[in-house]
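> As input, take entry21.txt (compact mmCIF, N, CA and C atoms):
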# COMPACT_ATOMS: atom_id res chain seq x y z
N MET T 248 0.82 -1.20 0.00
CA MET T 248 0.00 0.00 0.00
C MET T 248 0.86 1.27 0.00
N ARG T 249 2.13 1.16 0.43
CA ARG T 249 2.99 2.34 0.45
C ARG T 249 3.16 2.91 -0.95
N LEU T 250 3.34 2.03 -1.93
CA LEU T 250 3.48 2.47 -3.31
C LEU T 250 2.23 3.22 -3.76
N THR T 251 1.07 2.69 -3.42
CA THR T 251 -0.18 3.33 -3.79
C THR T 251 -0.27 4.71 -3.17
N ARG T 252 0.11 4.85 -1.91
CA ARG T 252 0.05 6.16 -1.26
C ARG T 252 1.00 7.15 -1.93
N LEU T 253 2.18 6.68 -2.33
CA LEU T 253 3.12 7.56 -3.02
C LEU T 253 2.55 8.03 -4.35
N MET T 254 1.91 7.14 -5.08
CA MET T 254 1.33 7.50 -6.37
C MET T 254 0.15 8.45 -6.19
N ILE T 255 -0.64 8.24 -5.16
CA ILE T 255 -1.76 9.14 -4.88
C ILE T 255 -1.21 10.52 -4.55
N GLY T 256 -0.14 10.56 -3.76
CA GLY T 256 0.48 11.84 -3.43
C GLY T 256 0.98 12.56 -4.68
N ALA T 257 1.59 11.83 -5.59
CA ALA T 257 2.07 12.43 -6.84
C ALA T 257 0.91 12.95 -7.66
N ALA T 258 -0.16 12.19 -7.73
CA ALA T 258 -1.34 12.61 -8.48
C ALA T 258 -1.96 13.85 -7.84
N ALA T 259 -2.02 13.86 -6.53
CA ALA T 259 -2.61 14.99 -5.82
C ALA T 259 -1.78 16.25 -6.03
N ALA T 260 -0.47 16.12 -5.96
CA ALA T 260 0.40 17.28 -6.16
C ALA T 260 0.20 17.85 -7.55
N LEU T 261 0.10 16.99 -8.53
CA LEU T 261 -0.13 17.45 -9.89
C LEU T 261 -1.49 18.10 -10.01
N ALA T 262 -2.51 17.52 -9.40
CA ALA T 262 -3.86 18.05 -9.49
C ALA T 262 -3.94 19.44 -8.87
N LEU T 263 -3.19 19.65 -7.81
CA LEU T 263 -3.25 20.93 -7.11
C LEU T 263 -2.31 21.97 -7.69
N ALA T 264 -1.39 21.57 -8.56
CA ALA T 264 -0.36 22.48 -9.07
C ALA T 264 -0.91 23.50 -10.05
N GLY T 265 -1.89 23.14 -10.84
CA GLY T 265 -2.38 24.04 -11.87
C GLY T 265 -3.55 24.86 -11.42
N CYS T 266 -3.80 25.91 -12.17
CA CYS T 266 -4.98 26.72 -11.91
C CYS T 266 -6.07 26.24 -12.84
N GLY T 267 -7.27 26.19 -12.37
CA GLY T 267 -8.39 25.75 -13.19
C GLY T 267 -8.79 26.83 -14.16
N SER T 268 -9.25 26.42 -15.33
CA SER T 268 -9.79 27.36 -16.29
C SER T 268 -11.12 26.82 -16.73
N SER T 269 -12.04 27.72 -16.99
CA SER T 269 -13.35 27.25 -17.40
C SER T 269 -13.31 26.91 -18.87
N GLY T 270 -13.94 25.80 -19.21
CA GLY T 270 -14.00 25.37 -20.60
C GLY T 270 -15.44 25.31 -21.04
N ASP T 271 -15.63 25.33 -22.33
CA ASP T 271 -16.99 25.24 -22.85
C ASP T 271 -17.47 23.80 -22.73
N SER T 272 -18.74 23.65 -22.43
CA SER T 272 -19.32 22.32 -22.35
C SER T 272 -19.62 21.84 -23.75
N LYS T 273 -19.11 20.67 -24.09
CA LYS T 273 -19.37 20.06 -25.38
C LYS T 273 -20.10 18.75 -25.13
N ALA T 274 -20.62 18.19 -26.21
CA ALA T 274 -21.22 16.87 -26.09
C ALA T 274 -20.14 15.89 -25.64
N VAL T 275 -20.49 15.03 -24.70
CA VAL T 275 -19.52 14.08 -24.16
C VAL T 275 -19.61 12.80 -24.98
N PRO T 276 -18.46 12.34 -25.52
CA PRO T 276 -18.47 11.11 -26.30
C PRO T 276 -18.63 9.88 -25.40
N PRO T 277 -18.90 8.72 -25.99
CA PRO T 277 -18.93 7.49 -25.18
C PRO T 277 -17.59 7.33 -24.46
N THR T 278 -17.63 6.76 -23.28
CA THR T 278 -16.41 6.60 -22.48
C THR T 278 -15.43 5.65 -23.17
N ALA T 279 -14.20 6.12 -23.29
CA ALA T 279 -13.14 5.33 -23.92
C ALA T 279 -12.75 4.14 -23.05
N THR T 280 -12.21 3.13 -23.68
CA THR T 280 -11.67 1.97 -22.97
C THR T 280 -10.33 1.64 -23.59
N GLY T 281 -9.55 0.84 -22.89
CA GLY T 281 -8.29 0.39 -23.46
C GLY T 281 -7.14 0.52 -22.49
N SER T 282 -5.97 0.23 -23.01
CA SER T 282 -4.73 0.28 -22.23
C SER T 282 -4.33 1.72 -21.96
N LEU T 283 -3.40 1.91 -21.06
CA LEU T 283 -2.89 3.24 -20.77
C LEU T 283 -2.33 3.86 -22.05
N GLU T 284 -1.61 3.08 -22.83
CA GLU T 284 -1.01 3.60 -24.06
C GLU T 284 -2.07 4.01 -25.08
N SER T 285 -3.14 3.22 -25.20
CA SER T 285 -4.17 3.58 -26.18
C SER T 285 -4.95 4.82 -25.74
N LEU T 286 -5.21 4.95 -24.43
CA LEU T 286 -5.87 6.16 -23.92
C LEU T 286 -4.98 7.38 -24.14
N ALA T 287 -3.69 7.23 -23.86
CA ALA T 287 -2.74 8.33 -24.05
C ALA T 287 -2.70 8.75 -25.52
N ALA T 288 -2.71 7.78 -26.42
CA ALA T 288 -2.69 8.08 -27.85
C ALA T 288 -3.94 8.87 -28.26
N GLU T 289 -5.08 8.53 -27.68
CA GLU T 289 -6.32 9.24 -28.02
C GLU T 289 -6.26 10.72 -27.66
N VAL T 290 -5.54 11.05 -26.57
CA VAL T 290 -5.44 12.45 -26.15
C VAL T 290 -4.09 13.07 -26.54
N LYS T 291 -3.39 12.38 -27.42
CA LYS T 291 -2.14 12.89 -28.00
C LYS T 291 -1.07 13.24 -26.97
N CYS T 292 -0.80 12.27 -26.08
CA CYS T 292 0.31 12.47 -25.16
C CYS T 292 1.19 11.22 -25.16
N LYS T 293 2.46 11.44 -24.88
CA LYS T 293 3.40 10.32 -24.73
C LYS T 293 3.54 10.08 -23.23
N PRO T 294 3.04 8.93 -22.74
CA PRO T 294 3.06 8.72 -21.29
C PRO T 294 4.46 8.52 -20.73
N ASN T 295 4.75 9.22 -19.63
CA ASN T 295 5.99 9.06 -18.89
C ASN T 295 5.65 8.13 -17.71
N MET T 296 5.92 6.84 -17.88
CA MET T 296 5.49 5.83 -16.90
C MET T 296 6.13 6.08 -15.53
N GLN T 297 5.28 6.06 -14.50
CA GLN T 297 5.72 6.21 -13.12
C GLN T 297 5.55 4.90 -12.35
N THR T 298 4.50 4.16 -12.67
CA THR T 298 4.21 2.89 -12.01
C THR T 298 3.75 1.90 -13.07
N ASP T 299 4.36 0.73 -13.09
CA ASP T 299 3.96 -0.30 -14.05
C ASP T 299 3.85 -1.61 -13.29
N ALA T 300 2.73 -1.78 -12.61
CA ALA T 300 2.49 -2.97 -11.79
C ALA T 300 1.23 -3.67 -12.30
N ASP T 301 1.02 -4.89 -11.85
CA ASP T 301 -0.15 -5.64 -12.29
C ASP T 301 -1.45 -4.92 -11.96
N GLU T 302 -1.54 -4.35 -10.76
CA GLU T 302 -2.79 -3.75 -10.32
C GLU T 302 -2.96 -2.29 -10.71
N LEU T 303 -1.85 -1.61 -11.02
CA LEU T 303 -1.89 -0.18 -11.32
C LEU T 303 -0.80 0.18 -12.31
N ARG T 304 -1.19 0.89 -13.36
CA ARG T 304 -0.22 1.48 -14.30
C ARG T 304 -0.51 2.97 -14.30
N GLN T 305 0.52 3.76 -14.07
CA GLN T 305 0.32 5.20 -13.93
C GLN T 305 1.42 5.96 -14.64
N ALA T 306 1.03 7.03 -15.34
CA ALA T 306 1.98 7.83 -16.09
C ALA T 306 1.64 9.31 -15.96
N ILE T 307 2.65 10.13 -16.13
CA ILE T 307 2.44 11.57 -16.24
C ILE T 307 2.35 11.86 -17.74
N CYS T 308 1.35 12.64 -18.11
CA CYS T 308 1.15 12.99 -19.51
C CYS T 308 1.08 14.50 -19.65
N LYS T 309 1.42 14.96 -20.84
CA LYS T 309 1.28 16.37 -21.17
C LYS T 309 0.85 16.45 -22.63
N ASN T 310 -0.17 17.28 -22.87
CA ASN T 310 -0.59 17.53 -24.25
C ASN T 310 -0.91 19.01 -24.38
N ALA T 311 -1.57 19.39 -25.45
CA ALA T 311 -1.87 20.81 -25.69
C ALA T 311 -2.77 21.40 -24.60
N ASP T 312 -3.54 20.55 -23.92
CA ASP T 312 -4.44 21.03 -22.87
C ASP T 312 -3.77 21.21 -21.52
N GLY T 313 -2.61 20.57 -21.31
CA GLY T 313 -1.90 20.69 -20.04
C GLY T 313 -1.34 19.37 -19.57
N ARG T 314 -0.98 19.35 -18.30
CA ARG T 314 -0.35 18.20 -17.68
C ARG T 314 -1.35 17.44 -16.82
N PHE T 315 -1.25 16.11 -16.81
CA PHE T 315 -2.19 15.30 -16.04
C PHE T 315 -1.59 13.94 -15.76
N ILE T 316 -2.19 13.26 -14.80
CA ILE T 316 -1.85 11.87 -14.48
C ILE T 316 -2.87 10.99 -15.18
N LEU T 317 -2.40 9.93 -15.79
CA LEU T 317 -3.28 8.93 -16.40
C LEU T 317 -2.97 7.60 -15.74
N ALA T 318 -3.98 6.94 -15.22
CA ALA T 318 -3.78 5.67 -14.53
C ALA T 318 -4.81 4.65 -15.00
N THR T 319 -4.37 3.40 -15.12
CA THR T 319 -5.28 2.30 -15.43
C THR T 319 -5.18 1.28 -14.31
N PHE T 320 -6.26 0.53 -14.13
CA PHE T 320 -6.37 -0.39 -13.00
C PHE T 320 -6.79 -1.77 -13.48
N ALA T 321 -6.36 -2.79 -12.74
CA ALA T 321 -6.72 -4.17 -13.07
C ALA T 321 -8.16 -4.47 -12.69
N THR T 322 -8.65 -3.82 -11.63
CA THR T 322 -10.00 -4.12 -11.14
C THR T 322 -10.78 -2.83 -10.87
N ASP T 323 -12.10 -2.95 -10.93
CA ASP T 323 -12.96 -1.81 -10.58
C ASP T 323 -12.77 -1.42 -9.12
N ARG T 324 -12.64 -2.43 -8.26
CA ARG T 324 -12.47 -2.16 -6.84
C ARG T 324 -11.16 -1.40 -6.57
N GLY T 325 -10.08 -1.83 -7.20
CA GLY T 325 -8.80 -1.13 -7.05
C GLY T 325 -8.89 0.31 -7.50
N GLN T 326 -9.59 0.54 -8.60
CA GLN T 326 -9.78 1.89 -9.10
C GLN T 326 -10.55 2.74 -8.08
N ARG T 327 -11.66 2.22 -7.58
CA ARG T 327 -12.49 2.98 -6.66
C ARG T 327 -11.73 3.28 -5.36
N GLU T 328 -10.97 2.32 -4.85
CA GLU T 328 -10.19 2.56 -3.63
C GLU T 328 -9.16 3.66 -3.87
N TRP T 329 -8.48 3.62 -5.02
CA TRP T 329 -7.47 4.63 -5.36
C TRP T 329 -8.11 6.01 -5.43
N ILE T 330 -9.24 6.10 -6.14
CA ILE T 330 -9.93 7.39 -6.27
C ILE T 330 -10.38 7.90 -4.92
N ASN T 331 -10.99 7.04 -4.12
CA ASN T 331 -11.47 7.48 -2.81
C ASN T 331 -10.34 8.00 -1.95
N ASP T 332 -9.18 7.35 -1.98
CA ASP T 332 -8.02 7.83 -1.21
C ASP T 332 -7.48 9.14 -1.80
N ALA T 333 -7.39 9.20 -3.11
CA ALA T 333 -6.80 10.37 -3.77
C ALA T 333 -7.67 11.61 -3.60
N LYS T 334 -8.97 11.45 -3.57
CA LYS T 334 -9.87 12.60 -3.49
C LYS T 334 -9.69 13.40 -2.21
N ASP T 335 -9.09 12.80 -1.19
CA ASP T 335 -8.78 13.54 0.04
C ASP T 335 -7.79 14.68 -0.23
N TYR T 336 -7.06 14.59 -1.33
CA TYR T 336 -6.05 15.60 -1.67
C TYR T 336 -6.61 16.69 -2.58
N GLY T 337 -7.89 16.62 -2.90
CA GLY T 337 -8.50 17.61 -3.79
C GLY T 337 -8.28 17.22 -5.25
N GLY T 338 -8.46 18.17 -6.13
CA GLY T 338 -8.23 17.95 -7.54
C GLY T 338 -9.48 17.52 -8.31
N TYR T 339 -9.28 17.28 -9.59
CA TYR T 339 -10.35 16.90 -10.51
C TYR T 339 -9.98 15.57 -11.13
N TYR T 340 -10.97 14.69 -11.22
CA TYR T 340 -10.77 13.31 -11.66
C TYR T 340 -11.74 12.98 -12.78
N LEU T 341 -11.20 12.57 -13.93
CA LEU T 341 -12.02 12.08 -15.02
C LEU T 341 -11.99 10.56 -14.93
N VAL T 342 -13.15 9.96 -14.73
CA VAL T 342 -13.22 8.55 -14.40
C VAL T 342 -13.90 7.78 -15.52
N GLY T 343 -13.21 6.75 -16.01
CA GLY T 343 -13.75 5.83 -17.00
C GLY T 343 -13.72 4.42 -16.46
N ARG T 344 -13.96 3.46 -17.32
CA ARG T 344 -13.96 2.05 -16.91
C ARG T 344 -12.52 1.59 -16.73
N LYS T 345 -12.10 1.44 -15.48
CA LYS T 345 -10.76 1.00 -15.08
C LYS T 345 -9.66 1.98 -15.48
N TRP T 346 -9.99 3.25 -15.60
CA TRP T 346 -8.97 4.29 -15.81
C TRP T 346 -9.42 5.59 -15.16
N VAL T 347 -8.44 6.45 -14.90
CA VAL T 347 -8.71 7.78 -14.36
C VAL T 347 -7.64 8.74 -14.88
N ALA T 348 -8.07 9.97 -15.14
CA ALA T 348 -7.13 11.04 -15.48
C ALA T 348 -7.30 12.11 -14.40
N VAL T 349 -6.20 12.61 -13.88
CA VAL T 349 -6.22 13.59 -12.80
C VAL T 349 -5.47 14.84 -13.24
N GLY T 350 -6.13 15.97 -13.11
CA GLY T 350 -5.49 17.23 -13.48
C GLY T 350 -6.32 18.38 -12.96
N ASP T 351 -6.02 19.58 -13.46
CA ASP T 351 -6.83 20.71 -13.03
C ASP T 351 -8.15 20.71 -13.80
N ASP T 352 -9.04 21.56 -13.39
CA ASP T 352 -10.39 21.60 -13.94
C ASP T 352 -10.40 21.72 -15.47
N GLY T 353 -9.62 22.65 -16.00
CA GLY T 353 -9.60 22.87 -17.45
C GLY T 353 -9.09 21.68 -18.22
N VAL T 354 -8.05 21.03 -17.72
CA VAL T 354 -7.48 19.86 -18.39
C VAL T 354 -8.49 18.71 -18.37
N VAL T 355 -9.11 18.48 -17.22
CA VAL T 355 -10.08 17.39 -17.11
C VAL T 355 -11.26 17.62 -18.05
N LYS T 356 -11.75 18.85 -18.13
CA LYS T 356 -12.85 19.15 -19.06
C LYS T 356 -12.43 18.89 -20.50
N ALA T 357 -11.22 19.29 -20.86
CA ALA T 357 -10.74 19.07 -22.23
C ALA T 357 -10.60 17.57 -22.52
N LEU T 358 -10.04 16.82 -21.58
CA LEU T 358 -9.88 15.38 -21.78
C LEU T 358 -11.23 14.69 -21.92
N ARG T 359 -12.21 15.17 -21.18
CA ARG T 359 -13.55 14.57 -21.24
C ARG T 359 -14.14 14.71 -22.64
N GLY T 360 -13.79 15.77 -23.35
CA GLY T 360 -14.27 15.95 -24.71
C GLY T 360 -13.77 14.89 -25.66
N THR T 361 -12.67 14.22 -25.32
CA THR T 361 -12.11 13.15 -26.14
C THR T 361 -12.40 11.78 -25.55
N LEU T 362 -12.20 11.63 -24.24
CA LEU T 362 -12.29 10.31 -23.60
C LEU T 362 -13.67 9.98 -23.02
N GLY T 363 -14.54 10.97 -22.90
CA GLY T 363 -15.81 10.73 -22.22
C GLY T 363 -15.54 10.57 -20.73
N GLY T 364 -16.38 9.80 -20.05
CA GLY T 364 -16.18 9.56 -18.63
C GLY T 364 -16.96 10.54 -17.77
N ASP T 365 -16.79 10.38 -16.47
CA ASP T 365 -17.49 11.20 -15.49
C ASP T 365 -16.47 11.99 -14.67
N VAL T 366 -16.80 13.23 -14.38
CA VAL T 366 -15.92 14.08 -13.57
C VAL T 366 -16.29 13.94 -12.10
N GLU T 367 -15.28 13.71 -11.28
CA GLU T 367 -15.43 13.71 -9.83
C GLU T 367 -14.47 14.75 -9.28
N ILE T 368 -14.89 15.41 -8.22
CA ILE T 368 -14.08 16.48 -7.62
C ILE T 368 -13.66 16.06 -6.23
N GLY T 369 -12.38 16.26 -5.94
CA GLY T 369 -11.85 15.91 -4.63
C GLY T 369 -12.30 16.89 -3.57
N THR T 370 -11.98 16.57 -2.33
CA THR T 370 -12.32 17.41 -1.19
C THR T 370 -11.56 18.71 -1.25
N ASN T 371 -12.26 19.81 -1.05
CA ASN T 371 -11.63 21.12 -1.02
C ASN T 371 -11.36 21.46 0.44
N HIS T 372 -10.12 21.26 0.88
CA HIS T 372 -9.78 21.50 2.28
C HIS T 372 -9.70 22.98 2.61
N LYS T 373 -9.59 23.84 1.59
CA LYS T 373 -9.56 25.27 1.85
C LYS T 373 -10.86 25.73 2.49
N ALA T 374 -11.95 25.08 2.13
CA ALA T 374 -13.25 25.45 2.70
C ALA T 374 -13.32 25.10 4.18
N HIS T 375 -12.47 24.18 4.62
CA HIS T 375 -12.50 23.75 6.02
C HIS T 375 -11.46 24.45 6.89
N SER T 376 -10.63 25.28 6.27
CA SER T 376 -9.57 25.93 7.07
C SER T 376 -10.15 27.08 7.85
N GLY T 377 -9.53 27.35 8.93
CA GLY T 377 -9.98 28.45 9.78
C GLY T 377 -9.21 28.42 11.07
N ALA T 378 -9.52 29.34 11.93
CA ALA T 378 -8.82 29.40 13.22
C ALA T 378 -9.29 28.25 14.10
N HIS T 379 -8.34 27.67 14.77
CA HIS T 379 -8.65 26.62 15.72
C HIS T 379 -8.44 27.16 17.13
N SER T 380 -9.35 26.86 18.00
CA SER T 380 -9.15 27.29 19.39
C SER T 380 -8.41 26.20 20.13
N GLY T 381 -7.67 26.58 21.09
CA GLY T 381 -6.94 25.53 21.78
C GLY T 381 -6.36 25.97 22.99
Written as structure tokens, that's how I'd like the structure from this file.


Amino acid sequence: MRLTRLMIGAAAALALAGCGSSGDSKAVPPTATGSLESLAAEVKCKPNMQTDADELRQAICKNADGRFILATFATDRGQREWINDAKDYGGYYLVGRKWVAVGDDGVVKALRGTLGGDVEIGTNHKAHSGAHSG
């Protein structure tokens, strides 16, 4: 699980690094399926592999829309556990069948125009910050 936590941390750092930009809403295509390499090819990025394990394959990608993490999973359960853990770090998640792309709002919206999928938003801890009494 340590490896998974490190990868979630990397994804979260990337998700929080960029500023969101608003994009126009377009018709969403059917959700893409396939290997990490085929998904990367669809969005015109060359994946920089970070994790290549049986249960998780994860790469950093960059295309004309920006930088993002692209990950594929062996199981639906593994994917959901990863997303649930990662969402604690905030960010935007484009979720497909056994894959996820993580980036800022503008990048995720742009990727959705090609890959389809559903957008999930991580926890915004800024809303919870404030003075603590003690």

> As an exercise, work out the distance from atom N of T:Ala279 to atom N of T:Asn371 in Å and give it to one decimal place.

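If I compute the distance from atom N of T:Ala279 to atom N of T:Asn371, I get 26.2 Å.
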
> Would you pick out the contacts of T:Val366 at 7 Å or less, using all atoms listed in the file, so that residues sharing its chain but fewer than 6 positions from it are not included, and give the list as a list in words?

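Using all atoms listed in the file, the neighbours found are Tyr339, Tyr340, Leu341 and Val342 of chain T.
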
> Leaving out T:Arg344 and any residue of its chain fewer than 6 positions from it, which residues lie within 8 Å of it when counting all atoms listed in the file, given as number ranges by chain?

T: 278-281, 319-320, 322-323, 364-365

> Do a neighbour search on T:Arg304 at 7 Å with only N, CA and C atoms, toss out local chain neighbours closer than 5 positions, and write the hits as a list in words.

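Result of the neighbour search: Leu283, Gln297, Thr298, Asp299, Leu317, Ala318, Thr319, Phe320 and Ala321 of chain T.
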
> Enumerate, as JSON, numbers by chain, the complete set of residues in stretch 257-359 of chain T that a backbone-based DSSP assignment places in helix (DSSP H, G or I).

{"T": [257, 258, 259, 260, 261, 262, 263, 264, 283, 284, 285, 286, 287, 288, 289, 323, 324, 325, 326, 327, 328, 329, 330, 331, 332, 333, 334, 335, 336, 352, 353, 354, 355, 356, 357, 358, 359]}

> For T:Met296, list every protein, DNA or RNA residue within 5 Å, evaluated using only N, CA and C atoms, and leave out those in the same chain fewer than 4 positions away; present the list as a VMD selection string.

chain T and resid 305 to 307

> So which residues touch T:Leu362 within 6.5 Å, counting only N, CA and C atoms, skipping near sequence neighbours fewer than 3 positions away, as a list in words?

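Within the cut-off, the hits are Pro276, Pro277, Thr278, Ala279, Ala357, Leu358 and Arg359 of chain T.
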
> Let me see the file: selected residues, N, CA and C atoms, as a PDB file, keeping the file's coordinate frame.


ATOM      1  N   PRO T 276     -18.460  12.340 -25.520  1.00  0.00           N
ATOM      2  CA  PRO T 276     -18.470  11.110 -26.300  1.00  0.00           C
ATOM      3  C   PRO T 276     -18.630   9.880 -25.400  1.00  0.00           C
ATOM      4  N   PRO T 277     -18.900   8.720 -25.990  1.00  0.00           N
ATOM      5  CA  PRO T 277     -18.930   7.490 -25.180  1.00  0.00           C
ATOM      6  C   PRO T 277     -17.590   7.330 -24.460  1.00  0.00           C
ATOM      7  N   THR T 278     -17.630   6.760 -23.280  1.00  0.00           N
ATOM      8  CA  THR T 278     -16.410   6.600 -22.480  1.00  0.00           C
ATOM      9  C   THR T 278     -15.430   5.650 -23.170  1.00  0.00           C
ATOM     10  N   ALA T 279     -14.200   6.120 -23.290  1.00  0.00           N
ATOM     11  CA  ALA T 279     -13.140   5.330 -23.920  1.00  0.00           C
ATOM     12  C   ALA T 279     -12.750   4.140 -23.050  1.00  0.00           C
ATOM     13  N   ALA T 357     -11.220  19.290 -20.860  1.00  0.00           N
ATOM     14  CA  ALA T 357     -10.740  19.070 -22.230  1.00  0.00           C
ATOM     15  C   ALA T 357     -10.600  17.570 -22.520  1.00  0.00           C
ATOM     16  N   LEU T 358     -10.040  16.820 -21.580  1.00  0.00           N
ATOM     17  CA  LEU T 358      -9.880  15.380 -21.780  1.00  0.00           C
ATOM     18  C   LEU T 358     -11.230  14.690 -21.920  1.00  0.00           C
ATOM     19  N   ARG T 359     -12.210  15.170 -21.180  1.00  0.00           N
ATOM     20  CA  ARG T 359     -13.550  14.570 -21.240  1.00  0.00           C
ATOM     21  C   ARG T 359     -14.140  14.710 -22.640  1.00  0.00           C
TER      22      ARG T 359
END

> In Å, rounded to a single decimal, give me how far atom C of T:Thr370 is from atom CA of T:Ala348.

16.8 Å

> Find the residue from T:Val275, T:Ile330, T:Val354, T:Leu303 that sits nearest to T:Val290; use only C-alpha atoms when measuring.

T:Val354

> Just the number, please: distance in Å from atom CA of T:Asp352 to atom CA of T:Leu286, one decimal.

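Atom-to-atom, atom CA of T:Asp352 to atom CA of T:Leu286, that is 18.9 Å.
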
> Considering all atoms listed in the file, state which residue in the set T:Asp301, T:Ile368, T:Ile316, T:Asp335 is at the smallest distance from T:Val347.

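Selected residue with least distance to T:Val347: T:Ile316.
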